[in-house]
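Chemist: First, the structure itself, so that you have it in front of you.
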Amino acid sequence: MRDVAVIGVGITKFGELWDLSFRQMIIDAGARALEDANIDGKQIDAMYVGNMSGGKLVNQEHTASLIADHAGLAPIPSTRVEGACASGGLALRQAVLSVASGIHDYVVAAGIEKMTDVLSEYATGTLAAASDQEWEVFMGATFPGIYALMARRHMYEFGTTEKQMAMVAVKNHGNACMNPCAQYHMKVSVDSVLKSSPVVLPLKLLDCSPITDGAACVIVAPAEKAKNLERPPILIKGTGQASDSISLHSRQSLTSLMATVEASKMAYRMAKIGPSDIDVAEVHDCFTIAEIVAIEDLGFFPKGSGGKATEEGETAIGSKIPINTSGGLKGKGHPVGATGVAQAVEIVQQLRGEAGKRQVSGAEIGLTHNVGGSGGTAVVHVFKRGD
């Protein structure tokens, strides 16, 4: 197995991008990544594209071929990867494995979703397709409802409060204000989160990530080839993936995602580090309770203490473990197929020292955590700044 490095990253603005098409967004992100890597498109050997629901949201299937064609990369092998909201993280994992195995040298991991060209009700229904159709959706469950059940149980077992969940939103919106690519450049207060419209209690509107358009791209290569580049390489030292029951009622616990726990163990073991070695992390905060559960499952805080840690500021920039410096899904936006790749873009920028006002001082090791559905799939990557 060869060591793998990220040599280029690119990302579009996230938001309601009605003036840009599906193909325009992905070409934009890819062109930025190629420019960042300072390589020619002719050097790309393969591509993996994370996309959850192009067939429903823009009526376009066969998206991998479409992208390779319009990027001028045909006839390279181009493969669409789908794992609900973890599609981007899975695309990155496939790219890493492709390079590590020696099959390819320069591989693109991309992610894209165009979500705002349909009514929000239709987009919500499309997202619900990532849950159990027979036992959840047929009974009227949506993802806000499913995560509200998790929140209620976490509150019951550990005393987590709605205020603590609101503080996740406050932190992430504040971070998003320092990210030029983020969907929202607006700060929120605890009071405004608590008073926002109920969605499924205890979750309110400002506890939920938005519907978003956006694309992101990462180029990976053997670490040996990355040594000749101007920037220090960012090595992907660990990668992990795990699965769990797609339906909530079949889980062993409502307050922990087993797939996250197992995927992180795999990534930590491969990277030969532990949770305490991580300097900065991007975690899957599709709802505020999801961030609290994630920072516990990843081993940053003991189970049940994530809400308290958030309230005490331990996840803010400049604290014990800065979480979601990009603004996370909550503030940066959540174009589902692109989210996992966008997380990698943020960590690479952090480890390069290129994150601007949201820079974590001295960051050397970072982590990304991407979840599909309510936890049926989880992907974790560990990044380290090279010499």
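Chain labels A, B, ... are given in the sequence in which chains occur in the structure tokens; within each chain residues are numbered consecutively from 1, and ligands are likewise numbered from 1 in the order shown.
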Write out as a list in words the residues lying within 6 Å of segment 277-291 of chain A, counting only C-alpha atoms and excluding same-chain residues fewer than 3 positions away.
Modeler: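 Contacts, in chain order: Ala151, Met165, Val168, Asp207, Cys208, Ser209, Gly274, Ala294, Ile321, Pro322, Ile323, Asn324, Leu329, Gln343, Ala363, Ile365, Gly366, Leu367, Thr368, His369 and Asn370 of chain A.
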Chemist: Just to be explicit: take each residue in the selection above, keep all heavy atoms, and write the result as a CSV table (one decimal), in the first residue's frame.
Modeler:
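selection.csv, freshly written:
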chain,number,residue,atom,x,y,z
A,151,ALA,N,-32.4,13.0,19.8
A,151,ALA,CA,-32.2,14.1,20.7
A,151,ALA,C,-33.0,13.9,22.0
A,151,ALA,O,-32.5,14.1,23.1
A,151,ALA,CB,-32.7,15.5,20.0
A,165,MET,N,-27.8,22.3,22.5
A,165,MET,CA,-27.9,22.1,21.1
A,165,MET,C,-27.9,23.4,20.3
A,165,MET,O,-27.3,23.5,19.3
A,165,MET,CB,-29.2,21.3,20.8
A,165,MET,CG,-29.1,19.8,21.2
A,165,MET,SD,-30.6,18.8,20.7
A,165,MET,CE,-31.7,19.3,22.0
A,168,VAL,N,-24.5,24.7,19.5
A,168,VAL,CA,-23.8,24.1,18.3
A,168,VAL,C,-24.1,25.0,17.1
A,168,VAL,O,-23.2,25.4,16.4
A,168,VAL,CB,-24.3,22.7,18.0
A,168,VAL,CG1,-23.8,22.2,16.7
A,168,VAL,CG2,-23.9,21.8,19.1
A,207,ASP,N,-31.9,24.5,14.3
A,207,ASP,CA,-31.2,23.3,14.6
A,207,ASP,C,-30.9,22.4,13.4
A,207,ASP,O,-30.2,21.5,13.5
A,207,ASP,CB,-32.0,22.4,15.6
A,207,ASP,CG,-32.0,23.0,17.0
A,207,ASP,OD1,-31.0,23.1,17.6
A,207,ASP,OD2,-33.1,23.3,17.5
A,208,CYS,N,-31.5,22.8,12.3
A,208,CYS,CA,-31.4,21.9,11.1
A,208,CYS,C,-30.5,22.5,10.0
A,208,CYS,O,-30.5,23.8,9.8
A,208,CYS,CB,-32.8,21.8,10.5
A,208,CYS,SG,-34.1,21.2,11.7
A,209,SER,N,-29.8,21.7,9.3
A,209,SER,CA,-29.0,22.1,8.2
A,209,SER,C,-29.9,22.5,7.0
A,209,SER,O,-31.0,21.9,6.9
A,209,SER,CB,-28.0,21.1,7.8
A,209,SER,OG,-28.6,19.9,7.4
A,274,GLY,N,-4.7,8.4,18.1
A,274,GLY,CA,-5.9,8.3,18.9
A,274,GLY,C,-6.7,9.6,18.8
A,274,GLY,O,-6.2,10.6,18.2
A,294,ALA,N,-21.7,13.0,17.5
A,294,ALA,CA,-20.5,12.7,16.8
A,294,ALA,C,-19.2,12.9,17.6
A,294,ALA,O,-18.3,12.1,17.6
A,294,ALA,CB,-20.4,13.6,15.5
A,321,ILE,N,-10.7,21.1,21.1
A,321,ILE,CA,-10.8,20.4,19.8
A,321,ILE,C,-11.8,21.2,18.9
A,321,ILE,O,-13.0,21.0,19.0
A,321,ILE,CB,-11.2,19.0,19.9
A,321,ILE,CG1,-11.5,18.3,18.6
A,321,ILE,CG2,-12.4,18.8,20.9
A,321,ILE,CD1,-10.3,18.1,17.7
A,322,PRO,N,-11.3,22.1,18.1
A,322,PRO,CA,-12.2,22.9,17.2
A,322,PRO,C,-13.0,22.0,16.3
A,322,PRO,O,-12.4,21.2,15.6
A,322,PRO,CB,-11.2,23.8,16.4
A,322,PRO,CG,-10.0,23.9,17.3
A,322,PRO,CD,-9.9,22.6,17.9
A,323,ILE,N,-14.3,22.2,16.3
A,323,ILE,CA,-15.2,21.4,15.5
A,323,ILE,C,-15.9,22.2,14.5
A,323,ILE,O,-16.5,23.2,14.8
A,323,ILE,CB,-16.2,20.6,16.4
A,323,ILE,CG1,-15.5,19.8,17.4
A,323,ILE,CG2,-17.2,19.8,15.6
A,323,ILE,CD1,-14.8,18.6,16.9
A,324,ASN,N,-15.9,21.8,13.2
A,324,ASN,CA,-16.6,22.5,12.1
A,324,ASN,C,-16.2,23.9,12.0
A,324,ASN,O,-17.0,24.8,12.0
A,324,ASN,CB,-18.1,22.3,12.3
A,324,ASN,CG,-18.6,20.9,12.0
A,324,ASN,OD1,-18.0,20.2,11.2
A,324,ASN,ND2,-19.6,20.5,12.7
A,329,LEU,N,-22.2,21.6,8.3
A,329,LEU,CA,-23.4,21.5,7.4
A,329,LEU,C,-24.4,22.6,7.8
A,329,LEU,O,-25.1,23.1,6.9
A,329,LEU,CB,-24.0,20.1,7.6
A,329,LEU,CG,-23.3,18.9,7.0
A,329,LEU,CD1,-21.9,18.7,7.5
A,329,LEU,CD2,-24.1,17.7,7.1
A,343,GLN,N,-15.8,18.7,3.4
A,343,GLN,CA,-15.1,18.6,4.7
A,343,GLN,C,-13.6,18.4,4.5
A,343,GLN,O,-12.8,19.0,5.2
A,343,GLN,CB,-15.7,17.4,5.4
A,343,GLN,CG,-17.1,17.5,5.9
A,343,GLN,CD,-17.6,16.3,6.6
A,343,GLN,OE1,-17.3,15.1,6.2
A,343,GLN,NE2,-18.5,16.4,7.6
A,363,ALA,N,-2.3,23.6,13.6
A,363,ALA,CA,-3.0,22.4,13.2
A,363,ALA,C,-2.1,21.5,12.4
A,363,ALA,O,-1.6,21.9,11.3
A,363,ALA,CB,-4.3,22.7,12.5
A,365,ILE,N,-2.9,17.7,12.5
A,365,ILE,CA,-3.6,16.5,12.2
A,365,ILE,C,-5.1,16.8,12.2
A,365,ILE,O,-5.6,17.5,13.2
A,365,ILE,CB,-3.4,15.4,13.2
A,365,ILE,CG1,-1.9,15.0,13.2
A,365,ILE,CG2,-4.2,14.1,12.9
A,365,ILE,CD1,-1.5,14.0,14.2
A,366,GLY,N,-5.9,16.4,11.2
A,366,GLY,CA,-7.3,16.7,11.1
A,366,GLY,C,-8.1,15.5,10.8
A,366,GLY,O,-7.6,14.5,10.3
A,367,LEU,N,-9.4,15.6,11.0
A,367,LEU,CA,-10.3,14.5,10.8
A,367,LEU,C,-11.6,14.9,10.1
A,367,LEU,O,-12.1,16.0,10.4
A,367,LEU,CB,-10.6,13.8,12.1
A,367,LEU,CG,-11.6,12.7,12.1
A,367,LEU,CD1,-11.2,11.6,13.2
A,367,LEU,CD2,-13.0,13.2,12.4
A,368,THR,N,-12.1,14.1,9.2
A,368,THR,CA,-13.4,14.3,8.6
A,368,THR,C,-14.3,13.2,9.0
A,368,THR,O,-13.9,12.0,9.0
A,368,THR,CB,-13.4,14.5,7.1
A,368,THR,OG1,-12.9,13.3,6.5
A,368,THR,CG2,-12.5,15.7,6.7
A,369,HIS,N,-15.6,13.5,9.2
A,369,HIS,CA,-16.6,12.5,9.6
A,369,HIS,C,-17.9,12.7,8.8
A,369,HIS,O,-18.5,13.8,8.9
A,369,HIS,CB,-16.9,12.6,11.1
A,369,HIS,CG,-18.1,11.9,11.6
A,369,HIS,ND1,-19.2,12.7,11.9
A,369,HIS,CD2,-18.5,10.6,11.7
A,369,HIS,CE1,-20.2,11.9,12.3
A,369,HIS,NE2,-19.8,10.6,12.2
A,370,ASN,N,-18.3,11.8,7.9
A,370,ASN,CA,-19.4,11.9,7.0
A,370,ASN,C,-20.4,10.8,7.2
A,370,ASN,O,-20.0,9.6,7.3
A,370,ASN,CB,-18.8,11.9,5.6
A,370,ASN,CG,-19.8,12.4,4.5
A,370,ASN,OD1,-19.5,12.2,3.3
A,370,ASN,ND2,-20.8,13.1,4.9
Chemist: Please provide as an NGL selection string all residues within 7 Å of Val193 of chain A, with the sequence filter that same-chain residues fewer than 3 positions apart are discarded (counting only C-alpha atoms).
Modeler: :A and (166 or 188-190 or 196 or 206-207)
Chemist: Report the residues of segment 83-195 of chain A whose backbone DSSP state falls under helix (DSSP H, G or I), written as JSON, numbers by chain.
Modeler: {"A": [87, 88, 89, 90, 91, 92, 93, 94, 95, 96, 97, 98, 99, 100, 101, 120, 121, 122, 123, 124, 125, 126, 127, 128, 137, 138, 139, 143, 144, 145, 146, 147, 148, 149, 150, 151, 152, 153, 154, 155, 156, 157, 158, 162, 163, 164, 165, 166, 167, 168, 169, 170, 171, 172, 173, 174, 175, 176, 190, 191, 192, 193, 194, 195]}
Chemist: Residues at most 10 Å from Met266 of chain A, counting only C-alpha atoms, excluding those fewer than 5 positions away in the same chain, as a list in words?
Modeler: Gly238, Thr239, Gly240, Gln241, Ala242, Thr260, Val261, Ala271, Lys272, Val379, Val380 and His381 of chain A
Chemist: Would you list the contacts of segment 353-360 of chain A as a ChimeraX atom specification, taking every protein, DNA or RNA residue within 8 Å and counting only C-alpha atoms, but skipping same-chain residues closer than 2 positions in sequence?
Modeler: /A:175,178-179,279-280,317-318,322,325-326,346,349-351,362-363
Chemist: Go through A:Gly30, A:Gly331, A:Pro302, A:Pro233 one by one, measure the shortest atom-to-atom distance of each to Ala5 of chain A using only C-alpha atoms, and give the residue with the smallest value.
Modeler: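 Distance minimum relative to Ala5 of chain A lands on A:Pro233.
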Chemist: Using only C-alpha atoms, determine which residues lie at most 8 Å from Ala259 of chain A, disregarding the query and same-chain residues fewer than 2 positions distant; provide the list as a list in words.
Modeler: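 Using only C-alpha atoms, the neighbours found are Gln241, Ala242, Ser243, Asp244, Leu257, Val261, Glu262, Ala263, Gly375, Gly376, Thr377 and Ala378 of chain A.
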Chemist: Extract, using only C-alpha atoms, all DNA, RNA and protein residues at most 10 Å from Ile146 of chain A, discarding same-chain residues fewer than 6 positions from it, and format them as a list of chain:residue names.
Modeler: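 Here the answer would be A:Ser131, A:Glu136, A:Val200, A:Ser247, A:Leu248, A:His249, A:Leu254, A:Gly373, A:Ser374.
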